[in-house]
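A.B. asks: The structure file run.txt (compact mmCIF, C-alpha atoms and all ligand atoms) is provided below.
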```txt
# COMPACT_ATOMS: atom_id res chain seq x y z
CA MET P 26 -0.10 -20.78 16.90
CA GLU P 27 1.86 -18.35 19.00
CA ASN P 28 1.09 -14.77 19.85
CA THR P 29 4.25 -12.90 19.09
CA GLU P 30 3.90 -9.36 20.25
CA GLN P 31 7.01 -7.82 18.84
CA GLN P 32 9.36 -6.44 21.48
CA LEU P 33 11.45 -3.77 19.86
CA SER P 34 12.74 -1.95 22.87
CA PRO P 35 13.61 -3.43 26.25
CA ASN P 36 12.12 -0.40 27.95
CA PRO P 37 9.03 0.82 26.15
CA LYS P 38 9.15 4.08 28.12
CA ALA P 39 12.43 5.03 26.50
CA PRO P 40 12.46 4.25 22.79
CA ALA P 41 15.96 4.13 21.43
CA PRO P 42 16.85 6.81 18.89
CA ILE P 43 16.11 5.50 15.41
CA VAL P 44 18.95 5.36 12.92
CA GLU P 45 18.89 4.11 9.34
CA GLY P 46 19.66 0.45 9.60
CA PRO P 47 18.95 -2.60 7.55
CA SER P 48 15.57 -3.14 9.17
CA LEU P 49 12.59 -2.13 7.05
CA PHE P 50 10.52 -1.42 10.13
CA GLU P 51 13.22 0.75 11.66
CA ARG P 52 13.36 2.70 8.42
CA ALA P 53 9.59 3.05 8.39
CA ARG P 54 9.67 4.32 11.98
CA ARG P 55 12.20 6.96 11.04
CA ARG P 56 9.40 8.72 9.12
CA LEU P 57 7.40 8.91 12.32
CA GLN P 58 10.31 10.37 14.22
CA HIS P 59 10.86 12.92 11.48
CA ALA P 60 7.20 13.98 11.40
CA ALA P 61 7.09 14.18 15.19
CA GLU P 62 9.83 16.81 15.03
CA TYR P 63 7.52 19.08 13.02
CA LEU P 64 4.54 18.61 15.22
CA HIS P 65 4.68 18.86 18.93
CA VAL P 66 3.43 15.34 19.23
CA ASP P 67 2.76 14.38 22.75
CA ALA P 68 4.90 11.59 24.10
CA ASP P 69 1.91 9.24 24.44
CA ALA P 70 1.06 9.28 20.72
CA TYR P 71 4.68 8.89 19.75
CA GLU P 72 5.12 6.01 22.15
CA LYS P 73 1.90 4.30 21.06
CA LEU P 74 2.78 4.50 17.37
CA SER P 75 6.36 3.35 17.79
CA TYR P 76 5.36 -0.28 18.34
CA PRO P 77 2.90 -2.71 16.77
CA GLN P 78 -0.13 -3.41 18.94
CA GLU P 79 -0.22 -7.15 18.27
CA THR P 80 1.15 -9.61 15.76
CA LEU P 81 0.05 -13.20 15.38
CA SER P 82 2.16 -15.77 13.62
CA ALA P 83 1.07 -19.19 12.46
CA ARG P 84 2.27 -22.10 10.37
CA LEU P 85 -0.29 -22.97 7.73
CA MET P 86 -0.58 -26.71 7.08
CA VAL P 87 -1.35 -27.45 3.47
CA ARG P 88 -1.87 -30.83 1.84
CA MET P 89 -0.18 -30.57 -1.56
CA ASP P 90 -1.55 -32.20 -4.72
CA ASP P 91 1.14 -34.89 -4.59
CA GLY P 92 -0.06 -35.94 -1.12
CA SER P 93 2.82 -34.34 0.82
CA LEU P 94 2.26 -31.95 3.71
CA ARG P 95 3.85 -28.50 3.67
CA LEU P 96 3.97 -25.77 6.27
CA PHE P 97 3.98 -22.09 5.34
CA ALA P 98 4.93 -19.26 7.72
CA ALA P 99 2.15 -16.68 7.98
CA TRP P 100 1.48 -13.51 9.95
CA ARG P 101 -1.12 -10.88 10.62
CA CYS P 102 -0.26 -7.62 12.39
CA ARG P 103 -2.73 -5.16 13.88
CA TYR P 104 -0.41 -2.20 14.15
CA ASP P 105 -2.73 0.38 15.68
CA ASP P 106 -6.49 0.54 16.10
CA THR P 107 -6.81 4.01 17.59
CA ARG P 108 -8.97 5.27 14.71
CA GLY P 109 -10.99 2.11 14.10
CA PRO P 110 -10.68 -1.55 13.13
CA THR P 111 -7.31 -2.32 11.57
CA LYS P 112 -7.23 -2.52 7.78
CA GLY P 113 -4.73 -3.79 5.26
CA GLY P 114 -3.93 -6.42 2.68
CA ILE P 115 -2.43 -9.90 2.78
CA ARG P 116 0.75 -10.43 0.78
CA TYR P 117 1.88 -13.74 -0.69
CA HIS P 118 5.57 -13.60 -1.50
CA PRO P 119 8.54 -15.90 -0.94
CA SER P 120 10.52 -13.17 0.82
CA VAL P 121 7.79 -11.99 3.23
CA THR P 122 8.93 -11.82 6.86
CA MET P 123 7.18 -10.83 10.06
CA GLU P 124 9.21 -7.65 10.16
CA GLU P 125 8.07 -6.68 6.68
CA VAL P 126 4.45 -7.37 7.62
CA ILE P 127 4.85 -5.07 10.64
CA ALA P 128 6.40 -2.32 8.50
CA LEU P 129 3.54 -2.64 5.99
CA ALA P 130 0.99 -2.49 8.83
CA PHE P 131 2.72 0.65 10.11
CA TRP P 132 2.31 2.27 6.67
CA MET P 133 -1.36 1.24 6.55
CA THR P 134 -1.95 3.01 9.89
CA PHE P 135 -0.70 6.29 8.46
CA LYS P 136 -2.26 5.75 5.04
CA CYS P 137 -5.76 5.26 6.47
CA ALA P 138 -5.32 8.41 8.56
CA VAL P 139 -4.08 10.54 5.62
CA VAL P 140 -7.29 9.80 3.71
CA ASP P 141 -9.33 10.09 6.93
CA LEU P 142 -10.85 6.60 6.93
CA PRO P 143 -12.30 5.27 10.21
CA PHE P 144 -9.63 2.57 10.26
CA GLY P 145 -6.35 1.78 11.92
CA GLY P 146 -3.63 -0.14 10.12
CA GLY P 147 -2.91 -3.83 9.73
CA LYS P 148 -1.27 -6.23 7.31
CA GLY P 149 -0.82 -9.92 6.67
CA GLY P 150 1.62 -12.07 4.81
CA VAL P 151 2.45 -15.63 3.84
CA SER P 152 5.94 -16.74 2.92
CA VAL P 153 5.11 -18.57 -0.31
CA ASP P 154 5.76 -18.39 -4.02
CA PRO P 155 2.14 -18.51 -5.21
CA THR P 156 3.19 -19.05 -8.82
CA ALA P 157 4.60 -22.44 -7.81
CA LEU P 158 1.24 -23.64 -6.39
CA SER P 159 -1.60 -25.25 -8.30
CA HIS P 160 -5.04 -23.66 -8.18
CA THR P 161 -6.26 -26.15 -5.59
CA GLU P 162 -3.11 -25.76 -3.44
CA LEU P 163 -3.59 -21.99 -3.54
CA GLU P 164 -7.18 -22.41 -2.40
CA ARG P 165 -6.20 -24.74 0.45
CA LEU P 166 -3.48 -22.32 1.55
CA SER P 167 -5.88 -19.36 1.50
CA ARG P 168 -8.54 -21.22 3.46
CA ALA P 169 -5.87 -22.31 5.96
CA TYR P 170 -4.96 -18.63 6.41
CA ALA P 171 -8.58 -17.70 7.10
CA ARG P 172 -8.85 -20.54 9.66
CA ALA P 173 -5.56 -19.67 11.40
CA PHE P 174 -6.46 -16.00 11.79
CA SER P 175 -10.24 -16.31 12.17
CA ARG P 176 -10.18 -15.06 15.76
CA PHE P 177 -7.76 -12.26 14.98
CA ILE P 178 -9.71 -10.73 12.08
CA GLY P 179 -13.35 -9.60 12.00
CA PRO P 180 -15.51 -6.85 10.48
CA ASP P 181 -15.10 -4.68 13.60
CA ARG P 182 -11.61 -5.85 14.45
CA ASP P 183 -9.29 -6.35 11.51
CA ILE P 184 -10.29 -6.38 7.84
CA PRO P 185 -7.89 -7.94 5.29
CA ALA P 186 -7.78 -7.22 1.56
CA PRO P 187 -5.59 -8.06 -1.44
CA ASP P 188 -1.95 -7.02 -1.71
CA VAL P 189 1.03 -8.22 -3.75
CA TYR P 190 0.19 -11.61 -5.37
CA THR P 191 -3.26 -11.90 -3.81
CA ASN P 192 -6.49 -11.09 -5.64
CA SER P 193 -10.28 -11.12 -5.51
CA MET P 194 -10.47 -14.88 -6.01
CA ILE P 195 -8.34 -15.44 -2.90
CA MET P 196 -10.40 -12.91 -0.93
CA GLY P 197 -13.56 -14.78 -1.98
CA TRP P 198 -12.18 -18.08 -0.64
CA MET P 199 -11.15 -16.46 2.62
CA ALA P 200 -14.48 -14.69 3.10
CA HIS P 201 -16.30 -17.96 2.48
CA GLU P 202 -14.08 -19.90 4.90
CA TYR P 203 -14.55 -17.23 7.57
CA GLY P 204 -18.34 -17.36 7.09
CA VAL P 205 -18.29 -21.14 7.55
CA ILE P 206 -16.27 -20.77 10.80
CA VAL P 207 -18.48 -18.12 12.39
CA GLY P 208 -21.66 -19.64 10.99
CA GLU P 209 -22.83 -16.42 9.35
CA GLN P 210 -22.43 -14.64 6.05
CA THR P 211 -19.97 -11.91 7.01
CA PRO P 212 -18.86 -10.19 3.79
CA ALA P 213 -17.51 -7.12 5.65
CA VAL P 214 -14.70 -9.20 7.17
CA ILE P 215 -12.65 -8.86 4.03
CA THR P 216 -12.56 -6.48 1.06
CA GLY P 217 -11.49 -6.83 -2.53
CA LYS P 218 -13.90 -9.74 -2.97
CA PRO P 219 -15.42 -10.78 -6.31
CA ILE P 220 -18.46 -8.62 -7.13
CA VAL P 221 -20.72 -11.70 -6.91
CA LEU P 222 -19.68 -12.21 -3.27
CA GLY P 223 -20.27 -8.62 -2.16
CA GLY P 224 -17.25 -6.93 -3.72
CA SER P 225 -17.49 -3.29 -4.72
CA LEU P 226 -17.59 -2.03 -8.26
CA GLY P 227 -14.41 -0.09 -8.93
CA ARG P 228 -12.21 -1.93 -6.41
CA ASP P 229 -10.12 -3.61 -9.12
CA ASP P 230 -8.55 -0.42 -10.49
CA ALA P 231 -8.90 1.68 -7.33
CA THR P 232 -5.21 1.95 -6.38
CA GLY P 233 -4.15 3.10 -9.85
CA ARG P 234 -7.17 5.38 -10.18
CA GLY P 235 -6.55 6.97 -6.78
CA GLY P 236 -2.97 7.69 -7.85
CA TYR P 237 -4.20 9.15 -11.10
CA VAL P 238 -6.67 11.41 -9.26
CA VAL P 239 -3.92 12.69 -6.94
CA LEU P 240 -1.43 13.36 -9.73
CA ARG P 241 -3.98 15.16 -11.89
CA HIS P 242 -5.21 17.17 -8.93
CA LEU P 243 -1.72 18.33 -7.96
CA GLU P 244 -0.79 18.85 -11.63
CA LYS P 245 -0.73 22.65 -11.66
CA ARG P 246 1.14 22.82 -8.38
CA LEU P 247 3.66 20.32 -9.69
CA GLY P 248 3.98 22.21 -12.98
CA LEU P 249 2.80 19.28 -15.09
CA VAL P 250 1.12 19.65 -18.47
CA PRO P 251 -0.39 16.31 -19.59
CA GLU P 252 0.43 16.67 -23.26
CA LYS P 253 4.03 17.50 -22.42
CA SER P 254 4.66 15.16 -19.51
CA SER P 255 6.21 11.75 -19.59
CA ILE P 256 6.04 9.01 -16.99
CA ALA P 257 8.03 5.81 -16.48
CA LEU P 258 6.57 3.08 -14.28
CA LEU P 259 8.68 0.62 -12.34
CA GLY P 260 6.46 -2.43 -12.46
CA PHE P 261 3.37 -3.16 -14.51
CA GLY P 262 1.03 -4.82 -12.03
CA ASN P 263 -2.51 -3.81 -11.18
CA ALA P 264 -1.81 -0.33 -9.73
CA SER P 265 0.80 0.67 -12.33
CA TYR P 266 -1.22 -0.54 -15.29
CA HIS P 267 -4.44 1.25 -14.34
CA CYS P 268 -2.64 4.45 -13.41
CA ALA P 269 -0.73 4.31 -16.71
CA ARG P 270 -3.82 3.75 -18.85
CA LEU P 271 -5.77 6.59 -17.20
CA LEU P 272 -2.84 9.01 -17.57
CA HIS P 273 -2.28 7.86 -21.15
CA ASP P 274 -5.96 8.51 -21.97
CA ASP P 275 -5.45 12.09 -20.71
CA GLY P 276 -2.39 12.71 -22.89
CA TYR P 277 0.56 11.69 -20.69
CA ARG P 278 3.37 9.90 -22.52
CA ILE P 279 4.19 6.50 -21.02
CA VAL P 280 7.90 6.14 -21.78
CA GLY P 281 8.89 3.10 -19.74
CA VAL P 282 7.49 0.09 -17.90
CA SER P 283 9.05 -2.98 -16.32
CA ASP P 284 8.35 -6.31 -14.65
CA SER P 285 10.48 -8.79 -12.77
CA GLN P 286 12.08 -9.92 -16.05
CA GLY P 287 13.15 -6.59 -17.50
CA ALA P 288 12.12 -3.16 -18.74
CA ILE P 289 11.28 -1.35 -21.96
CA TYR P 290 11.85 2.31 -22.73
CA ASP P 291 10.76 4.48 -25.64
CA PRO P 292 10.96 8.31 -25.49
CA ASP P 293 8.16 8.43 -28.09
CA GLY P 294 5.89 6.60 -25.68
CA MET P 295 3.77 3.48 -25.76
CA ASP P 296 0.14 2.47 -25.48
CA PRO P 297 -0.32 0.74 -22.08
CA TYR P 298 -3.34 -1.22 -23.37
CA ARG P 299 -1.17 -2.81 -26.06
CA VAL P 300 1.66 -3.43 -23.60
CA MET P 301 -0.80 -5.21 -21.31
CA GLU P 302 -2.11 -7.30 -24.21
CA HIS P 303 1.47 -8.33 -24.95
CA LYS P 304 2.17 -9.10 -21.29
CA SER P 305 -1.00 -11.20 -21.01
CA THR P 306 0.02 -13.37 -23.95
CA THR P 307 3.80 -13.59 -23.40
CA GLY P 308 4.04 -13.12 -19.62
CA GLN P 309 6.43 -10.16 -19.90
CA VAL P 310 6.62 -6.53 -20.99
CA ALA P 311 9.85 -7.16 -22.95
CA GLY P 312 9.12 -7.13 -26.67
CA ALA P 313 5.87 -5.14 -26.34
CA PRO P 314 5.04 -2.72 -29.18
CA THR P 315 5.87 0.98 -28.63
CA ASN P 316 5.47 4.16 -30.70
CA GLY P 317 9.08 4.61 -31.81
CA ASN P 318 12.30 2.77 -31.21
CA ARG P 319 11.87 0.48 -28.25
CA LYS P 320 14.91 -0.13 -26.08
CA GLU P 321 15.07 -3.25 -23.92
CA ILE P 322 16.80 -2.13 -20.71
CA THR P 323 17.32 -3.39 -17.18
CA ASN P 324 15.13 -2.39 -14.25
CA ASP P 325 18.06 -0.45 -12.79
CA GLU P 326 18.39 1.52 -16.02
CA LEU P 327 14.70 2.37 -15.96
CA VAL P 328 15.13 4.02 -12.53
CA GLU P 329 17.67 6.35 -14.12
CA CYS P 330 15.86 7.00 -17.43
CA GLU P 331 14.91 10.39 -18.89
CA CYS P 332 11.34 11.15 -17.80
CA ASP P 333 9.36 13.80 -15.92
CA ASN P 334 7.69 11.41 -13.50
CA LEU P 335 8.92 8.14 -12.13
CA ALA P 336 6.30 5.89 -10.55
CA PRO P 337 7.71 2.94 -8.58
CA GLY P 338 5.03 0.24 -8.17
CA ALA P 339 5.35 -3.29 -6.78
CA LEU P 340 7.85 -3.78 -3.95
CA GLU P 341 9.89 -1.84 -1.40
CA ASN P 342 13.35 -0.26 -1.59
CA GLN P 343 13.56 0.30 -5.35
CA ILE P 344 15.04 3.75 -4.98
CA HIS P 345 17.91 3.68 -2.54
CA ARG P 346 21.14 5.43 -1.65
CA GLU P 347 23.04 3.90 -4.56
CA ASN P 348 20.71 4.92 -7.39
CA ALA P 349 18.89 8.02 -6.03
CA ALA P 350 21.57 10.43 -7.24
CA ASN P 351 21.06 9.22 -10.82
CA VAL P 352 17.30 9.73 -10.93
CA LYS P 353 16.45 12.22 -13.69
CA ALA P 354 12.72 12.51 -13.06
CA ARG P 355 11.44 15.69 -11.38
CA ILE P 356 8.70 13.88 -9.50
CA ILE P 357 8.58 10.47 -7.87
CA PHE P 358 5.12 9.11 -7.53
CA GLU P 359 5.02 6.15 -5.14
CA LEU P 360 2.45 3.59 -6.24
CA ALA P 361 4.17 0.87 -4.17
CA ASN P 362 4.45 0.81 -0.39
CA GLY P 363 7.88 1.94 0.79
CA PRO P 364 9.67 2.07 -2.59
CA THR P 365 12.08 4.82 -1.46
CA THR P 366 14.49 4.39 1.43
CA PRO P 367 15.05 7.27 3.90
CA GLY P 368 18.64 7.53 2.65
CA ALA P 369 17.34 8.01 -0.89
CA ASP P 370 14.81 10.57 0.38
CA ASP P 371 17.64 12.75 1.67
CA ILE P 372 19.41 12.64 -1.70
CA LEU P 373 16.19 13.31 -3.64
CA ASN P 374 15.33 16.25 -1.38
CA GLU P 375 18.75 17.72 -1.93
CA LYS P 376 18.34 17.38 -5.68
CA GLY P 377 14.95 19.10 -5.49
CA ILE P 378 13.05 16.01 -6.68
CA MET P 379 9.57 15.94 -5.22
CA VAL P 380 8.29 12.65 -3.81
CA ILE P 381 4.51 12.16 -3.67
CA PRO P 382 4.51 9.60 -0.86
CA ASP P 383 3.00 6.11 -0.89
CA ILE P 384 0.61 6.81 1.97
CA LEU P 385 -1.11 9.38 -0.25
CA ALA P 386 -0.34 8.20 -3.80
CA ASN P 387 -1.51 4.60 -3.42
CA ALA P 388 -4.31 5.12 -0.89
CA GLY P 389 -7.06 4.70 -3.51
CA GLY P 390 -7.14 0.94 -2.96
CA VAL P 391 -7.92 1.12 0.71
CA VAL P 392 -10.39 3.95 0.13
CA VAL P 393 -12.50 1.75 -2.15
CA SER P 394 -12.00 -1.10 0.33
CA TYR P 395 -13.64 1.19 2.87
CA PHE P 396 -16.51 1.73 0.40
CA GLU P 397 -16.85 -2.03 0.02
CA TRP P 398 -16.94 -2.53 3.80
CA ALA P 399 -19.55 0.24 4.13
CA GLN P 400 -21.70 -1.29 1.35
CA ASN P 401 -21.47 -4.75 2.95
CA ARG P 402 -22.55 -3.36 6.31
CA ALA P 403 -25.42 -1.41 4.81
CA GLY P 404 -26.40 -4.24 2.45
CA TYR P 405 -26.85 -1.58 -0.19
CA TYR P 406 -24.65 -1.41 -3.27
CA TRP P 407 -23.45 1.64 -5.16
CA THR P 408 -23.04 2.34 -8.86
CA LEU P 409 -19.61 2.60 -10.43
CA ASP P 410 -20.15 6.35 -10.88
CA ASP P 411 -20.82 6.67 -7.15
CA VAL P 412 -17.60 4.84 -6.33
CA HIS P 413 -15.57 6.99 -8.72
CA SER P 414 -16.99 10.29 -7.53
CA ARG P 415 -16.64 9.38 -3.84
CA LEU P 416 -13.05 8.31 -4.46
CA ILE P 417 -12.35 11.77 -5.88
CA GLN P 418 -14.09 13.37 -2.89
CA ILE P 419 -11.65 11.63 -0.57
CA MET P 420 -8.40 11.78 -2.55
CA ARG P 421 -8.50 15.46 -3.47
CA PRO P 422 -8.86 16.92 0.04
CA ALA P 423 -6.13 14.55 1.29
CA ALA P 424 -3.82 15.79 -1.47
CA ASP P 425 -4.74 19.43 -0.74
CA LEU P 426 -4.15 19.14 3.01
CA THR P 427 -0.82 17.38 2.46
CA TRP P 428 0.21 20.09 0.03
CA GLU P 429 -0.78 22.85 2.47
CA ILE P 430 1.26 21.32 5.29
CA HIS P 431 4.18 20.90 2.87
CA GLN P 432 3.96 24.64 2.10
CA ASP P 433 3.24 25.88 5.64
CA LYS P 434 5.89 23.85 7.36
CA LYS P 435 8.35 24.06 4.46
CA THR P 436 8.85 20.36 4.51
CA ASP P 437 8.77 17.57 1.94
CA MET P 438 5.47 15.96 0.95
CA ARG P 439 6.22 12.73 2.80
CA THR P 440 6.78 14.46 6.10
CA ALA P 441 3.68 16.57 5.42
CA ALA P 442 1.56 13.44 4.91
CA TYR P 443 2.91 11.94 8.14
CA VAL P 444 2.20 15.16 10.02
CA LEU P 445 -1.40 15.11 8.75
CA ALA P 446 -1.84 11.46 9.76
CA LEU P 447 -0.15 11.93 13.10
CA GLN P 448 -2.37 14.89 13.97
CA ARG P 449 -5.46 12.81 13.30
CA ILE P 450 -4.29 9.72 15.18
CA SER P 451 -3.18 11.85 18.10
CA GLU P 452 -6.58 13.56 18.30
CA SER P 453 -8.35 10.21 18.36
CA LEU P 454 -6.00 8.89 21.01
CA HIS P 455 -6.79 11.85 23.24
CA ALA P 456 -10.49 11.69 22.57
CA ARG P 457 -10.45 8.18 24.01
CA GLY P 458 -9.40 9.60 27.35
CA THR P 459 -6.34 8.83 29.38
CA ARG P 460 -7.85 5.85 31.16
CA ALA P 461 -7.88 4.00 27.84
CA TYR P 462 -4.11 3.92 27.89
CA PHE P 463 -4.08 1.80 30.98
CA ARG P 464 -6.85 -0.60 30.02
CA THR P 465 -5.46 -4.03 29.39
N1 LIG W 1 -3.00 -3.66 -0.08
C1 LIG W 1 -3.51 -2.35 -0.34
C2 LIG W 1 -2.64 -1.30 0.30
O1 LIG W 1 -1.48 -1.52 0.56
C3 LIG W 1 -4.98 -2.23 0.01
C4 LIG W 1 -5.31 -2.50 1.43
C5 LIG W 1 -6.82 -2.55 1.69
O2 LIG W 1 -7.59 -2.37 0.77
O3 LIG W 1 -7.18 -2.78 2.85
O4 LIG W 1 -3.04 -0.18 0.48
```
For this file, write the structure as structure tokens.

C.D. replies:
Amino acid sequence: MENTEQQLSPNPKAPAPIVEGPSLFERARRRLQHAAEYLHVDADAYEKLSYPQETLSARLMVRMDDGSLRLFAAWRCRYDDTRGPTKGGIRYHPSVTMEEVIALAFWMTFKCAVVDLPFGGGKGGVSVDPTALSHTELERLSRAYARAFSRFIGPDRDIPAPDVYTNSMIMGWMAHEYGVIVGEQTPAVITGKPIVLGGSLGRDDATGRGGYVVLRHLEKRLGLVPEKSSIALLGFGNASYHCARLLHDDGYRIVGVSDSQGAIYDPDGMDPYRVMEHKSTTGQVAGAPTNGNRKEITNDELVECECDNLAPGALENQIHRENAANVKARIIFELANGPTTPGADDILNEKGIMVIPDILANAGGVVVSYFEWAQNRAGYYWTLDDVHSRLIQIMRPAADLTWEIHQDKKTDMRTAAYVLALQRISESLHARGTRAYFRT
């Protein structure tokens, strides 16, 4: 295991100007630079947030079912712990890199601050195609992750959770493995666990529900009328499905959904429950029943379809310089982390398309993770109604404050959300006192 603190600038006192480049992290940092221009951020906060605090990389050794040994590259980044223990999911994906993990940890730092959680930001990842592993291989890999990072994580240090291609079952294995290592039941070390291992009610649909709460709360300001509004979702995973079904129940027309194998579009709408039934039996959204004439289209075509709202879920960079000009939606609602590149943002802003940013729109997941952590620490468990009403109590003020900054500073919603987060992180940094900066 090596400790790979990422060096991104040869002289940390003089960060290089950030330009749009191929690097995901550089692109993510551009948002910080942009927000800092609106707020007279002191140099210390800007400097502190320009670099990840610490990143650990490991090779996970896994005995495969056929007896062979395989090594998987894995990382965990604690981007910034100014506001509390670092928090963020673990992603299993064949294309995960350390740089992506750092960018995702950066977003978590700002996301937790936008919704005012007592957490900093972190993220983990394993370069693996989990669909190619057997159940037992997946379990061995997940336990190997918990062992490799057992000294890096902890309920007061860094608290993982699910992300793309990880779920409650995996969190349960990791929590158990961690407990065995430290010799104590420590459910608060990880969130998104199965209910029977200390998971919270309402965590499973929290990301989609949080998005739904934000969209419905901003509805009047965005000029949306449920019965007259349509939404297309890029992706149909956990967050997209739950957001779609809640909006559908309130009268929104779901006109398009997609998965890695293709997309479907129907201007007359579709019932997301039936689409999910179809996906569960066939493994894809293609061919799912819709209300009128279903069109099978490509994912690229779905980005450019006729709809009022476009909600990119799943992975990064789905809306970029090449397709942003063709977006017809009035509102982009980011259920994924980093689905819009900064280059696309410029084009969308020019076209007057509003982007409700990821760090607000998909924060519901980490909010209920915070509830789970709090319940584990108290040893007292809440009802589902409690979880739902407390989620609303957190999401609505975050949406209101972001909106107010957007209006006051005449800036886009993304910059407004970053300004809000930056203000909060900066305050905490100063409250620590200047000596803290020099403590090693
Ligand atoms: N992976 C989710 C996110 O990107 C949830 C993180 C968490 O619950 O800690 O926000």

A.B. asks: Given the choices P:Asp69, P:Glu244, P:Asp425, P:Asp383, which gets closest to ligand LIG 1 (chain W) if the distance is worked out from only C-alpha atoms and all ligand atoms?

C.D. replies: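 The shortest atom-to-atom distance to ligand LIG 1 (chain W) comes from P:Asp383.
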
A.B. asks: With only C-alpha atoms as the basis for distance, which of P:Thr107, P:Met301, P:Met438, P:Leu49 is at the shortest distance from His455 (chain P)?

C.D. replies: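 Nearest candidate to His455 (chain P) out of P:Thr107, P:Met301, P:Met438, P:Leu49: P:Thr107.
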
A.B. asks: Write out as a compact mmCIF listing (two decimals) with C-alpha atoms, keeping the file's coordinate frame the residues lying within 10 Å of Ala200 (chain P), counting all atoms listed in the file and excluding same-chain residues fewer than 6 positions away.

C.D. replies:
```txt
# COMPACT_ATOMS: atom_id res chain seq x y z
CA SER P 167 -5.88 -19.36 1.50
CA ARG P 168 -8.54 -21.22 3.46
CA ALA P 171 -8.58 -17.70 7.10
CA PRO P 185 -7.89 -7.94 5.29
CA MET P 194 -10.47 -14.88 -6.01
CA ILE P 206 -16.27 -20.77 10.80
CA GLN P 210 -22.43 -14.64 6.05
CA THR P 211 -19.97 -11.91 7.01
CA PRO P 212 -18.86 -10.19 3.79
CA ALA P 213 -17.51 -7.12 5.65
CA VAL P 214 -14.70 -9.20 7.17
CA ILE P 215 -12.65 -8.86 4.03
CA THR P 216 -12.56 -6.48 1.06
CA LYS P 218 -13.90 -9.74 -2.97
CA LEU P 222 -19.68 -12.21 -3.27
CA GLY P 223 -20.27 -8.62 -2.16
```

A.B. asks: Would you name the residues within 7 Å of ligand LIG 1 (chain W), counting all atoms listed in the file, and put them as a PyMOL selection string?

C.D. replies: chain P and resi 112-115+133+184-188+216-217+362+387-388+390-392+394

A.B. asks: Which one is closest to Asp90 (chain P): P:Thr436, P:Asn263, P:Thr111, P:Ser159? Count only C-alpha atoms.

C.D. replies: P:Ser159

A.B. asks: Listed atoms of region 81-89 of chain P, axis-aligned box, 4 Å per side: centre and edge lengths to one decimal in Å, as lines of an AutoDock Vina configuration file?

C.D. replies:
```
center_x = 0.2
center_y = -22.0
center_z = 6.9
size_x = 12.1
size_y = 25.6
size_z = 24.9
```
